Amino acid sequence: MKLPGDDDLEPPPILGTWPRLYTFILLWLGVVIAVLYGFTRYFA
Amino acid sequence: MTPLDWIVLVATITGIIGFGLWKSRGSKSVDQYLLAGKSMPWYAMGLSIMATQASAITFIATTGQAYVDGLRFVQFYFGLPIAMVIISATAVPIFHRSGVYTAYEYLERRFDAKTRALASIVFLIQRGMAVGLAMYAPAIVMSIIFGWPDQITTAVIGILVVIYTTSGGIPAVTWTDVLQMSIIFLGLISALITVFALMPHGVSVSDAIFLAGYSGKLNAVDLHLDWNNRYNLWSGLIGGSFLALGYFGCDQSQVQRYLTGKSVAQSRLSLLFNAMAKVPMQFFILFVGAMVFVFFLFEQPPVLFQSAAMKTISGQAAYSGVQKSYDAAWNARKAAALDLNAARKQHSSEQTRAAEQKLRAAQKQLDGARADAAHIYEKAEGEKDFHDTNYIFLSFVTRYLPHGLIGLVIAVIFAAAMSSSSGELNSLATVTVIDIYKRHFQPAASDSHYLFVSRLCTAGWGIVAVVFAQYGRNLGSLVEAVNRVGSLFYPTLLGAFVLAFFFPRVKGGSAFWAMLFGEAIILLCARYTNIAFLWYNVIGAILVVALGIFVAFFVHNPKEKIKC
């Protein structure tokens, strides 16, 4: 799917393309939630 | 406060404001004053966006919330990274390329003047109230330290903020925020180190964390879906995403920050930086509050953390009974906490369970005594829903932190409140001037005239904020109050922007009526249902989009129905 900003010529400074950077951010969120869930379970 | 604290306080505030004004020198045009000449780098915008949210309210109220309610509030921010990705991919390039001053200016280009006016008015009402709460937060500091009434200190601080805000414009706001965020982190880390250092002999860092867990304060993630539970994984991911989409995508106080970017890429990076840092940062702030709770397992706090309320109830007949019950409960809780710590170290699961039950029972009794004390205060003062959540962290800071550090933390709170309020006032003035005054009353005046009116509007909104702030203490936890107010208005704005971006067939009239009906239904929901406020964002935004599509296809353009 083509997003409104896909034709932006300036790439992000890391990971080469914007969709890759967005995917990385969402994976980061998943990891943070998993770690916090583990933290909750461990100390409950 | 010793002379050392005063020196640190005055030097820090003067330094922050001075730095902001120095960086903003040369703001002589409307473009410079409102958009910083589109020259800001991503890190400045990113820290500024973060600082606007991490205001004095965050610093004071979030820690207090963790003390009372544990870490579960962190789930509120789970939707934020999702929203940041969506906004970066969609709204940022659209706003940048359309060359607008405000988000609502875009709505006129896409729809019509009345939709732009309605969105502007919704923003002005919502943000006008929120900025009042942001100003109220530092008044709490003054009421604890000096015993001054909240109302008077709010007015004094409001006047100072208005004077500061009118001079620098958004460049001053942004650069002030950059420095302020650095000092906030410094203050938080110092507070956490101090709270660990103040724990009694025999209670290590890991002991403190386990005690917080046994007390039910490390409840960061709750997988159970409950529509009436404010904070769980699902309300955070879904409701939080919608709220953050509304806040960062449609609220001028945030949109204006990333409109100051040099390019689309710089603006996107500022949002994605927030996407990565926000949840860990909020967890850290809440964690400080949970550790303050553990500290007070071993050091007896007052029944109520608000000193003025304590003075009021101590003269009441029922107080001595409540104080006795509170003392007994606190002593029982301390004993249970020590037993629990010892049992855990001996790996005795039976003793651990028994001590944990005693701890929880004592905590229940303690909470009951605190509730009774609050009732005495409410009865004496004729108030309803008294809360002292916002006073907990500051009570700890002023009593137990070393001198010098107290001044630093107070300075952080003041600077945070002042700079976030100034940013909000700046955006309120921008919308008033660009979307209302210039659009409807004076479309062809000179640049210097609009600059003058911008400063005038900043001062006017400052007065409105001060008046609203007078009601701040009746709104419970401040951080919740701000988000509750936002959840009443953001869904309408979000729905309008979703229609604008993704439904080209929907025109102005349809969007306008969808917004009006949507807002009415959200307000009815808030008045007559028990649905947790985060869900208003989901319900409201979907409702506005559905209504917009319905009106466009079935009322305004029935021929389209036939084509479909």
# chains A, B, ... in the order shown; residues from 1 in each chain; ligands from 1
$ interface_residues --of "chain B" --to "chain A" --cutoff "6 Å" --atoms "only C-alpha atoms" --output "number ranges by chain"
B: 85, 89-90, 93, 213, 218-221
$ atom_distance --atom1 "atom CA of Ala380 of chain B" --atom2 "atom CA of Pro302 of chain B"
18.4 Å
$ residues_around --residues "Met291 of chain B" --least-positions-apart "3" --cutoff "12 Å" --atoms "only C-alpha atoms" --output "number ranges by chain"
B: 63-64, 66-68, 70-71, 191-199, 203-213, 215, 217-218, 284-288, 294-298, 393, 396
$ select_by_dssp --residues "segment 250-333 of chain B" --states "alpha helix (DSSP H)" --output "VMD selection string"
chain B and resid 250 252 to 259 264 to 298 307 to 314 319 to 333
$ residues_around --residues "segment 277-283 of chain B" --least-positions-apart "4" --cutoff "7 Å" --atoms "only C-alpha atoms" --output "PyMOL selection string"
chain B and resi 74+77-78+273+287
$ closest_residue --among "B:Ile521, B:Met276, B:Val131, B:Leu499" --to "Val31 of chain A" --atoms "only C-alpha atoms"
B:Met276
$ decode --residues "segment 351-374 of chain B" --atoms "C-alpha atoms" --output "PDB file, in the first residue's frame"
ATOM      1  CA  GLN B 351       5.737 -17.064  56.171  1.00  0.00           C
ATOM      2  CA  THR B 352       5.878 -14.902  53.046  1.00  0.00           C
ATOM      3  CA  ARG B 353       2.207 -15.600  52.283  1.00  0.00           C
ATOM      4  CA  ALA B 354       1.165 -14.877  55.877  1.00  0.00           C
ATOM      5  CA  ALA B 355       3.131 -11.608  55.997  1.00  0.00           C
ATOM      6  CA  GLU B 356       1.750 -10.596  52.594  1.00  0.00           C
ATOM      7  CA  GLN B 357      -1.815 -11.091  53.847  1.00  0.00           C
ATOM      8  CA  LYS B 358      -1.038  -9.004  56.945  1.00  0.00           C
ATOM      9  CA  LEU B 359       0.479  -6.290  54.753  1.00  0.00           C
ATOM     10  CA  ARG B 360      -2.575  -6.120  52.534  1.00  0.00           C
ATOM     11  CA  ALA B 361      -4.971  -6.123  55.511  1.00  0.00           C
ATOM     12  CA  ALA B 362      -3.028  -3.285  57.160  1.00  0.00           C
ATOM     13  CA  GLN B 363      -2.990  -1.395  53.859  1.00  0.00           C
ATOM     14  CA  LYS B 364      -6.777  -1.726  53.648  1.00  0.00           C
ATOM     15  CA  GLN B 365      -7.127  -0.338  57.168  1.00  0.00           C
ATOM     16  CA  LEU B 366      -4.727   2.478  56.328  1.00  0.00           C
ATOM     17  CA  ASP B 367      -6.673   3.378  53.172  1.00  0.00           C
ATOM     18  CA  GLY B 368      -9.861   3.359  55.239  1.00  0.00           C
ATOM     19  CA  ALA B 369      -8.365   5.790  57.764  1.00  0.00           C
ATOM     20  CA  ARG B 370      -7.223   8.071  54.945  1.00  0.00           C
ATOM     21  CA  ALA B 371     -10.710   7.970  53.416  1.00  0.00           C
ATOM     22  CA  ASP B 372     -12.219   8.850  56.804  1.00  0.00           C
ATOM     23  CA  ALA B 373      -9.818  11.785  57.127  1.00  0.00           C
ATOM     24  CA  ALA B 374     -10.821  12.959  53.649  1.00  0.00           C
TER      25      ALA B 374
END
